[in-house]
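Chemist: Here it is, the structure in full.
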Amino acid sequence: MINIAVLVSGGGTNLQALLDKEADHGFPHARITLVLASNDKAYALQRAQKYGKETAVVSRKNYQDQDSFDEAVLDVLKSHSIDMVVLAGYLSILGPKVIEAYPDRILNIHPSLIPSFCGKGFYGLKVHEAALARGVKVTGATVHFVNEIPDGGRILLQKAVEVQSGDTPEVLQRRVMEQAEWKILPQAVAMVSEELDKEKNV
């Protein structure tokens, strides 16, 4: 079995989609072993505890530099024998140390069709505000591997969502979550964990 850590910063709606999928036997090759938050106020921690998941908090503000923060994150991941990392609305930046420790084993969900509206500064509602300001008719979500470039890793899955007239950023955000994010993130996790499990057992 592949041990997964889900990294979160806020409400944890994508985490919920993963927990629901797991409860429905959607990850035959993996289990969510740890939920790690960037702050202790993240509601995602309560979601995790309801499902009996171990939780941890590693806050960037408690570390003087990126290097020591990365070390702290790695220590927690290694102490839980984590094989794969899923960023589900995680707002802290992971540095080279973490990325090198998990090559092609860190997944991120981004609320647009990369390469549109992605990269530094594009997160949360900002993505949907930019999409509406540009007047796009189709947006969506992307699951990709994480590398040193924000939103720059290899794309795994994408799903398109129509923009409707009268959409506000909040309305569009909800539709992208429901129609795309909550579907393709669990799908990508199942896909990658199956591949990793096969490698592990070769």
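Just so we're on the same page: first chain in the structure tokens is A, next is B, and so on; residues restart at 1 for each chain, and ligands are numbered from 1 in the order they show up.
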List every residue of segment 119-173 of chain A that DSSP, applied to the backbone of this structure, places in strand (DSSP E or B), and write the result as a PDB file with all heavy atoms, in the first residue's frame.

Modeler:
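Generated output (out_8.pdb):
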ATOM      1  N   VAL A 138     -14.471  29.067 -21.401  1.00  0.00           N
ATOM      2  CA  VAL A 138     -14.230  27.750 -20.806  1.00  0.00           C
ATOM      3  C   VAL A 138     -13.059  27.862 -19.839  1.00  0.00           C
ATOM      4  O   VAL A 138     -12.029  28.474 -20.153  1.00  0.00           O
ATOM      5  CB  VAL A 138     -13.894  26.690 -21.893  1.00  0.00           C
ATOM      6  CG1 VAL A 138     -13.541  25.351 -21.247  1.00  0.00           C
ATOM      7  CG2 VAL A 138     -15.056  26.507 -22.841  1.00  0.00           C
ATOM      8  N   THR A 139     -13.238  27.310 -18.653  1.00  0.00           N
ATOM      9  CA  THR A 139     -12.140  27.215 -17.694  1.00  0.00           C
ATOM     10  C   THR A 139     -12.102  25.763 -17.231  1.00  0.00           C
ATOM     11  O   THR A 139     -12.510  24.871 -17.944  1.00  0.00           O
ATOM     12  CB  THR A 139     -12.309  28.242 -16.546  1.00  0.00           C
ATOM     13  OG1 THR A 139     -11.151  28.190 -15.711  1.00  0.00           O
ATOM     14  CG2 THR A 139     -13.570  28.003 -15.730  1.00  0.00           C
ATOM     15  N   GLY A 140     -11.605  25.498 -16.022  1.00  0.00           N
ATOM     16  CA  GLY A 140     -11.577  24.117 -15.561  1.00  0.00           C
ATOM     17  C   GLY A 140     -10.568  23.917 -14.463  1.00  0.00           C
ATOM     18  O   GLY A 140     -10.259  24.844 -13.708  1.00  0.00           O
ATOM     19  N   ALA A 141     -10.039  22.704 -14.386  1.00  0.00           N
ATOM     20  CA  ALA A 141      -9.044  22.380 -13.361  1.00  0.00           C
ATOM     21  C   ALA A 141      -7.999  21.439 -13.945  1.00  0.00           C
ATOM     22  O   ALA A 141      -8.261  20.732 -14.920  1.00  0.00           O
ATOM     23  CB  ALA A 141      -9.714  21.748 -12.144  1.00  0.00           C
ATOM     24  N   THR A 142      -6.831  21.437 -13.314  1.00  0.00           N
ATOM     25  CA  THR A 142      -5.696  20.631 -13.767  1.00  0.00           C
ATOM     26  C   THR A 142      -5.049  19.948 -12.573  1.00  0.00           C
ATOM     27  O   THR A 142      -4.819  20.594 -11.543  1.00  0.00           O
ATOM     28  CB  THR A 142      -4.628  21.532 -14.436  1.00  0.00           C
ATOM     29  OG1 THR A 142      -5.217  22.269 -15.508  1.00  0.00           O
ATOM     30  CG2 THR A 142      -3.453  20.709 -14.959  1.00  0.00           C
ATOM     31  N   VAL A 143      -4.743  18.665 -12.709  1.00  0.00           N
ATOM     32  CA  VAL A 143      -3.879  17.989 -11.735  1.00  0.00           C
ATOM     33  C   VAL A 143      -2.531  17.790 -12.414  1.00  0.00           C
ATOM     34  O   VAL A 143      -2.454  17.297 -13.542  1.00  0.00           O
ATOM     35  CB  VAL A 143      -4.439  16.613 -11.305  1.00  0.00           C
ATOM     36  CG1 VAL A 143      -3.509  15.973 -10.270  1.00  0.00           C
ATOM     37  CG2 VAL A 143      -5.835  16.753 -10.720  1.00  0.00           C
ATOM     38  N   HIS A 144      -1.471  18.208 -11.708  1.00  0.00           N
ATOM     39  CA  HIS A 144      -0.138  18.096 -12.298  1.00  0.00           C
ATOM     40  C   HIS A 144       0.875  17.681 -11.237  1.00  0.00           C
ATOM     41  O   HIS A 144       0.634  17.845 -10.030  1.00  0.00           O
ATOM     42  CB  HIS A 144       0.282  19.437 -12.931  1.00  0.00           C
ATOM     43  CG  HIS A 144       0.405  20.564 -11.935  1.00  0.00           C
ATOM     44  ND1 HIS A 144       1.577  20.883 -11.303  1.00  0.00           N
ATOM     45  CD2 HIS A 144      -0.524  21.426 -11.438  1.00  0.00           C
ATOM     46  CE1 HIS A 144       1.385  21.904 -10.482  1.00  0.00           C
ATOM     47  NE2 HIS A 144       0.107  22.248 -10.540  1.00  0.00           N
ATOM     48  N   PHE A 145       1.999  17.146 -11.694  1.00  0.00           N
ATOM     49  CA  PHE A 145       3.108  16.888 -10.784  1.00  0.00           C
ATOM     50  C   PHE A 145       3.738  18.223 -10.402  1.00  0.00           C
ATOM     51  O   PHE A 145       3.671  19.198 -11.155  1.00  0.00           O
ATOM     52  CB  PHE A 145       4.166  15.999 -11.445  1.00  0.00           C
ATOM     53  CG  PHE A 145       3.795  14.539 -11.506  1.00  0.00           C
ATOM     54  CD1 PHE A 145       3.766  13.864 -12.716  1.00  0.00           C
ATOM     55  CD2 PHE A 145       3.486  13.831 -10.355  1.00  0.00           C
ATOM     56  CE1 PHE A 145       3.436  12.517 -12.776  1.00  0.00           C
ATOM     57  CE2 PHE A 145       3.147  12.493 -10.400  1.00  0.00           C
ATOM     58  CZ  PHE A 145       3.125  11.827 -11.616  1.00  0.00           C
ATOM     59  N   ILE A 155       1.519  17.670 -16.665  1.00  0.00           N
ATOM     60  CA  ILE A 155       0.072  17.587 -16.461  1.00  0.00           C
ATOM     61  C   ILE A 155      -0.376  16.122 -16.487  1.00  0.00           C
ATOM     62  O   ILE A 155       0.016  15.357 -17.355  1.00  0.00           O
ATOM     63  CB  ILE A 155      -0.670  18.404 -17.547  1.00  0.00           C
ATOM     64  CG1 ILE A 155      -0.457  19.908 -17.295  1.00  0.00           C
ATOM     65  CG2 ILE A 155      -2.167  18.085 -17.560  1.00  0.00           C
ATOM     66  CD1 ILE A 155      -0.941  20.811 -18.412  1.00  0.00           C
ATOM     67  N   LEU A 156      -1.219  15.777 -15.512  1.00  0.00           N
ATOM     68  CA  LEU A 156      -1.771  14.422 -15.418  1.00  0.00           C
ATOM     69  C   LEU A 156      -3.192  14.360 -15.969  1.00  0.00           C
ATOM     70  O   LEU A 156      -3.514  13.530 -16.807  1.00  0.00           O
ATOM     71  CB  LEU A 156      -1.786  13.968 -13.965  1.00  0.00           C
ATOM     72  CG  LEU A 156      -0.428  13.582 -13.392  1.00  0.00           C
ATOM     73  CD1 LEU A 156      -0.461  13.630 -11.880  1.00  0.00           C
ATOM     74  CD2 LEU A 156      -0.040  12.199 -13.866  1.00  0.00           C
ATOM     75  N   LEU A 157      -4.061  15.230 -15.468  1.00  0.00           N
ATOM     76  CA  LEU A 157      -5.462  15.240 -15.904  1.00  0.00           C
ATOM     77  C   LEU A 157      -5.970  16.678 -15.964  1.00  0.00           C
ATOM     78  O   LEU A 157      -5.544  17.527 -15.172  1.00  0.00           O
ATOM     79  CB  LEU A 157      -6.347  14.468 -14.912  1.00  0.00           C
ATOM     80  CG  LEU A 157      -6.180  12.945 -14.803  1.00  0.00           C
ATOM     81  CD1 LEU A 157      -7.033  12.418 -13.659  1.00  0.00           C
ATOM     82  CD2 LEU A 157      -6.555  12.246 -16.104  1.00  0.00           C
ATOM     83  N   GLN A 158      -6.892  16.920 -16.895  1.00  0.00           N
ATOM     84  CA  GLN A 158      -7.578  18.208 -16.965  1.00  0.00           C
ATOM     85  C   GLN A 158      -9.058  17.970 -17.239  1.00  0.00           C
ATOM     86  O   GLN A 158      -9.421  16.975 -17.875  1.00  0.00           O
ATOM     87  CB  GLN A 158      -7.004  19.087 -18.096  1.00  0.00           C
ATOM     88  CG  GLN A 158      -5.619  19.610 -17.788  1.00  0.00           C
ATOM     89  CD  GLN A 158      -5.129  20.597 -18.852  1.00  0.00           C
ATOM     90  OE1 GLN A 158      -5.116  20.277 -20.027  1.00  0.00           O
ATOM     91  NE2 GLN A 158      -4.717  21.778 -18.421  1.00  0.00           N
ATOM     92  N   LYS A 159      -9.877  18.894 -16.753  1.00  0.00           N
ATOM     93  CA  LYS A 159     -11.318  18.811 -17.056  1.00  0.00           C
ATOM     94  C   LYS A 159     -11.835  20.224 -17.277  1.00  0.00           C
ATOM     95  O   LYS A 159     -11.565  21.126 -16.478  1.00  0.00           O
ATOM     96  CB  LYS A 159     -12.065  18.145 -15.896  1.00  0.00           C
ATOM     97  CG  LYS A 159     -13.497  17.752 -16.269  1.00  0.00           C
ATOM     98  CD  LYS A 159     -14.110  16.828 -15.227  1.00  0.00           C
ATOM     99  CE  LYS A 159     -15.375  16.153 -15.721  1.00  0.00           C
ATOM    100  NZ  LYS A 159     -16.385  17.039 -16.295  1.00  0.00           N
ATOM    101  N   ALA A 160     -12.553  20.395 -18.378  1.00  0.00           N
ATOM    102  CA  ALA A 160     -13.082  21.716 -18.731  1.00  0.00           C
ATOM    103  C   ALA A 160     -14.434  21.974 -18.071  1.00  0.00           C
ATOM    104  O   ALA A 160     -15.214  21.050 -17.844  1.00  0.00           O
ATOM    105  CB  ALA A 160     -13.216  21.828 -20.242  1.00  0.00           C
ATOM    106  N   VAL A 161     -14.687  23.240 -17.779  1.00  0.00           N
ATOM    107  CA  VAL A 161     -15.950  23.680 -17.175  1.00  0.00           C
ATOM    108  C   VAL A 161     -16.378  24.953 -17.901  1.00  0.00           C
ATOM    109  O   VAL A 161     -15.566  25.857 -18.099  1.00  0.00           O
ATOM    110  CB  VAL A 161     -15.763  23.972 -15.662  1.00  0.00           C
ATOM    111  CG1 VAL A 161     -17.018  24.571 -15.058  1.00  0.00           C
ATOM    112  CG2 VAL A 161     -15.365  22.704 -14.917  1.00  0.00           C
ATOM    113  N   GLU A 162     -17.649  25.018 -18.275  1.00  0.00           N
ATOM    114  CA  GLU A 162     -18.135  26.208 -18.987  1.00  0.00           C
ATOM    115  C   GLU A 162     -18.316  27.388 -18.043  1.00  0.00           C
ATOM    116  O   GLU A 162     -18.791  27.231 -16.917  1.00  0.00           O
ATOM    117  CB  GLU A 162     -19.473  25.900 -19.662  1.00  0.00           C
ATOM    118  CG  GLU A 162     -19.311  25.187 -20.996  1.00  0.00           C
ATOM    119  CD  GLU A 162     -20.633  25.048 -21.740  1.00  0.00           C
ATOM    120  OE1 GLU A 162     -21.512  25.930 -21.576  1.00  0.00           O
ATOM    121  OE2 GLU A 162     -20.770  24.055 -22.468  1.00  0.00           O
TER     122      GLU A 162
END

Chemist: Which residues of segment 156-186 of chain A have any atom within 8 Å of an atom in segment 1-21 of chain A when counting only C-alpha atoms, and what is the closest pair of atoms for each, with the distance in Å to one decimal? Order the rows by chain and rising number and write it as CSV.

Modeler:
residue,atom,partner,partner_atom,distance
A:Glu181,CA,A:Asn14,CA,7.1
A:Trp182,CA,A:Ala17,CA,5.4
A:Lys183,CA,A:Ala17,CA,7.8
A:Leu185,CA,A:Leu18,CA,7.6
A:Pro186,CA,A:Leu18,CA,5.5

Chemist: Could you pull the residues within 10 Å of segment 89-102 of chain A, counting only C-alpha atoms, minus those fewer than 6 positions along the same chain, as a ChimeraX atom specification?

Modeler: /A:6-15,36-39,44,58-60,66-74,77-78,82-83,108-111,123-124,145-148,150

Chemist: Closest to Lys198 of chain A among A:His29, A:Val171, A:Asp24, A:Ser81, using only C-alpha atoms?

Modeler: A:His29

Chemist: For Ala133 of chain A, work out the shell of residues within 12 Å, counting only C-alpha atoms and skipping chain neighbours fewer than 2 positions away, then give it as a PyMOL selection string.

Modeler: chain A and resi 117+126-131+135-137+163+167-169

Chemist: Could you pull out the helix (DSSP H, G or I) residues of chain A, going by DSSP on the backbone, and write them as a PDB file with C-alpha atoms, in the first residue's frame?

Modeler:
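part_23.pdb, written as the output of this step:
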ATOM      1  CA  THR A  13     -13.024  20.624   0.236  1.00  0.00           C
ATOM      2  CA  ASN A  14     -10.573  18.750  -1.994  1.00  0.00           C
ATOM      3  CA  LEU A  15      -9.440  16.739   1.029  1.00  0.00           C
ATOM      4  CA  GLN A  16     -13.113  15.862   1.595  1.00  0.00           C
ATOM      5  CA  ALA A  17     -13.380  14.603  -1.995  1.00  0.00           C
ATOM      6  CA  LEU A  18     -10.356  12.365  -1.329  1.00  0.00           C
ATOM      7  CA  LEU A  19     -11.708  11.099   2.005  1.00  0.00           C
ATOM      8  CA  ASP A  20     -15.063  10.299   0.381  1.00  0.00           C
ATOM      9  CA  LYS A  21     -13.342   8.449  -2.453  1.00  0.00           C
ATOM     10  CA  GLU A  22     -11.232   6.451   0.000  1.00  0.00           C
ATOM     11  CA  ALA A  23     -14.308   5.578   2.103  1.00  0.00           C
ATOM     12  CA  ALA A  44      -9.425  20.635   6.917  1.00  0.00           C
ATOM     13  CA  LEU A  45      -7.870  19.327  10.163  1.00  0.00           C
ATOM     14  CA  GLN A  46     -11.349  18.784  11.622  1.00  0.00           C
ATOM     15  CA  ARG A  47     -12.427  16.937   8.473  1.00  0.00           C
ATOM     16  CA  ALA A  48      -9.376  14.677   8.816  1.00  0.00           C
ATOM     17  CA  GLN A  49     -10.033  13.962  12.492  1.00  0.00           C
ATOM     18  CA  LYS A  50     -13.641  12.933  11.739  1.00  0.00           C
ATOM     19  CA  ARG A  60       6.128  28.462   7.593  1.00  0.00           C
ATOM     20  CA  LYS A  61       6.106  31.445   9.965  1.00  0.00           C
ATOM     21  CA  ASN A  62       7.759  29.339  12.677  1.00  0.00           C
ATOM     22  CA  GLN A  66      12.796  27.933   3.432  1.00  0.00           C
ATOM     23  CA  ASP A  67      15.457  25.339   4.151  1.00  0.00           C
ATOM     24  CA  SER A  68      14.534  24.789   7.791  1.00  0.00           C
ATOM     25  CA  PHE A  69      10.819  24.758   6.895  1.00  0.00           C
ATOM     26  CA  ASP A  70      11.469  22.087   4.243  1.00  0.00           C
ATOM     27  CA  GLU A  71      13.446  20.024   6.754  1.00  0.00           C
ATOM     28  CA  ALA A  72      10.542  20.181   9.205  1.00  0.00           C
ATOM     29  CA  VAL A  73       8.012  19.111   6.531  1.00  0.00           C
ATOM     30  CA  LEU A  74      10.312  16.266   5.416  1.00  0.00           C
ATOM     31  CA  ASP A  75      10.776  15.074   9.000  1.00  0.00           C
ATOM     32  CA  VAL A  76       7.002  14.750   9.442  1.00  0.00           C
ATOM     33  CA  LEU A  77       6.547  13.012   6.073  1.00  0.00           C
ATOM     34  CA  LYS A  78       9.361  10.555   6.742  1.00  0.00           C
ATOM     35  CA  SER A  79       8.169   9.785  10.275  1.00  0.00           C
ATOM     36  CA  PRO A  96      13.804  21.870  -3.659  1.00  0.00           C
ATOM     37  CA  LYS A  97      14.563  19.563  -0.710  1.00  0.00           C
ATOM     38  CA  VAL A  98      10.989  18.278  -0.502  1.00  0.00           C
ATOM     39  CA  ILE A  99      10.541  18.162  -4.276  1.00  0.00           C
ATOM     40  CA  GLU A 100      13.781  16.183  -4.734  1.00  0.00           C
ATOM     41  CA  ALA A 101      12.749  13.734  -1.996  1.00  0.00           C
ATOM     42  CA  LEU A 125     -10.377  33.191  -6.074  1.00  0.00           C
ATOM     43  CA  LYS A 126      -7.635  35.145  -7.886  1.00  0.00           C
ATOM     44  CA  VAL A 127      -7.640  32.476 -10.608  1.00  0.00           C
ATOM     45  CA  HIS A 128     -11.381  32.801 -11.209  1.00  0.00           C
ATOM     46  CA  GLU A 129     -11.258  36.614 -11.067  1.00  0.00           C
ATOM     47  CA  ALA A 130      -8.576  36.559 -13.772  1.00  0.00           C
ATOM     48  CA  ALA A 131     -10.552  34.118 -15.937  1.00  0.00           C
ATOM     49  CA  LEU A 132     -13.680  36.291 -15.753  1.00  0.00           C
ATOM     50  CA  ALA A 133     -11.709  39.498 -16.381  1.00  0.00           C
ATOM     51  CA  ARG A 134     -10.217  37.918 -19.515  1.00  0.00           C
ATOM     52  CA  PRO A 169     -15.695  34.502  -9.035  1.00  0.00           C
ATOM     53  CA  GLU A 170     -17.369  32.691  -6.113  1.00  0.00           C
ATOM     54  CA  VAL A 171     -20.026  31.017  -8.294  1.00  0.00           C
ATOM     55  CA  LEU A 172     -17.420  29.988 -10.860  1.00  0.00           C
ATOM     56  CA  GLN A 173     -15.103  28.679  -8.140  1.00  0.00           C
ATOM     57  CA  ARG A 174     -17.870  26.441  -6.796  1.00  0.00           C
ATOM     58  CA  ARG A 175     -18.741  25.089 -10.258  1.00  0.00           C
ATOM     59  CA  VAL A 176     -15.077  24.327 -11.033  1.00  0.00           C
ATOM     60  CA  MET A 177     -14.785  22.475  -7.716  1.00  0.00           C
ATOM     61  CA  GLU A 178     -17.952  20.435  -8.203  1.00  0.00           C
ATOM     62  CA  GLN A 179     -17.563  19.644 -11.901  1.00  0.00           C
ATOM     63  CA  ALA A 180     -13.783  19.301 -12.148  1.00  0.00           C
ATOM     64  CA  GLU A 181     -11.591  19.409  -9.020  1.00  0.00           C
ATOM     65  CA  TRP A 182     -13.518  16.901  -6.902  1.00  0.00           C
ATOM     66  CA  LYS A 183     -13.581  14.469  -9.839  1.00  0.00           C
ATOM     67  CA  ILE A 184     -10.075  14.603 -11.320  1.00  0.00           C
ATOM     68  CA  LEU A 185      -8.063  14.878  -8.090  1.00  0.00           C
ATOM     69  CA  PRO A 186      -9.281  11.519  -6.691  1.00  0.00           C
ATOM     70  CA  GLN A 187      -8.917  10.030 -10.195  1.00  0.00           C
ATOM     71  CA  ALA A 188      -5.286  11.185 -10.454  1.00  0.00           C
ATOM     72  CA  VAL A 189      -4.488   9.954  -6.942  1.00  0.00           C
ATOM     73  CA  ALA A 190      -5.890   6.501  -7.776  1.00  0.00           C
ATOM     74  CA  MET A 191      -3.923   6.434 -11.045  1.00  0.00           C
ATOM     75  CA  VAL A 192      -0.549   7.491  -9.616  1.00  0.00           C
ATOM     76  CA  SER A 193      -0.837   5.388  -6.445  1.00  0.00           C
ATOM     77  CA  GLU A 194      -1.527   2.301  -8.546  1.00  0.00           C
ATOM     78  CA  GLU A 195       1.628   2.959 -10.607  1.00  0.00           C
ATOM     79  CA  LEU A 196       3.715   3.559  -7.465  1.00  0.00           C
ATOM     80  CA  ASP A 197       2.366   0.408  -5.824  1.00  0.00           C
ATOM     81  CA  LYS A 198       3.364  -1.626  -8.887  1.00  0.00           C
ATOM     82  CA  GLU A 199       6.902  -0.127  -8.781  1.00  0.00           C
ATOM     83  CA  LYS A 200       7.127  -0.891  -5.066  1.00  0.00           C
TER      84      LYS A 200
END

Chemist: Report, in Å to a single decimal, how far apart atom CA of Asp40 of chain A and atom CA of Val57 of chain A are.

Modeler: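 So the answer is 6.0 Å.
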
Chemist: When distances are computed from only C-alpha atoms, which of A:Leu87, A:Ser165, A:Gly152, A:His80 shows the smallest separation from Ile114 of chain A?

Modeler: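 Among A:Leu87, A:Ser165, A:Gly152, A:His80, it is A:Gly152 that comes nearest to Ile114 of chain A.
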
Chemist: Hey, can you check how far atom CA of Val86 of chain A sits from atom CA of Lys120 of chain A?

Modeler: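 We find that atom CA of Val86 of chain A and atom CA of Lys120 of chain A lie 18.9 Å from each other.
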
Chemist: Mind giving me the straight-line distance from atom CA of Phe27 of chain A to atom CA of Lys41 of chain A in Å, one decimal?

Modeler: 28.0 Å

Chemist: Give the answer as one residue: which of A:Ile149, A:Val202, A:Val85, A:Val35 has the shortest atom-to-atom distance to Asp104 of chain A, using only C-alpha atoms?

Modeler: A:Val85
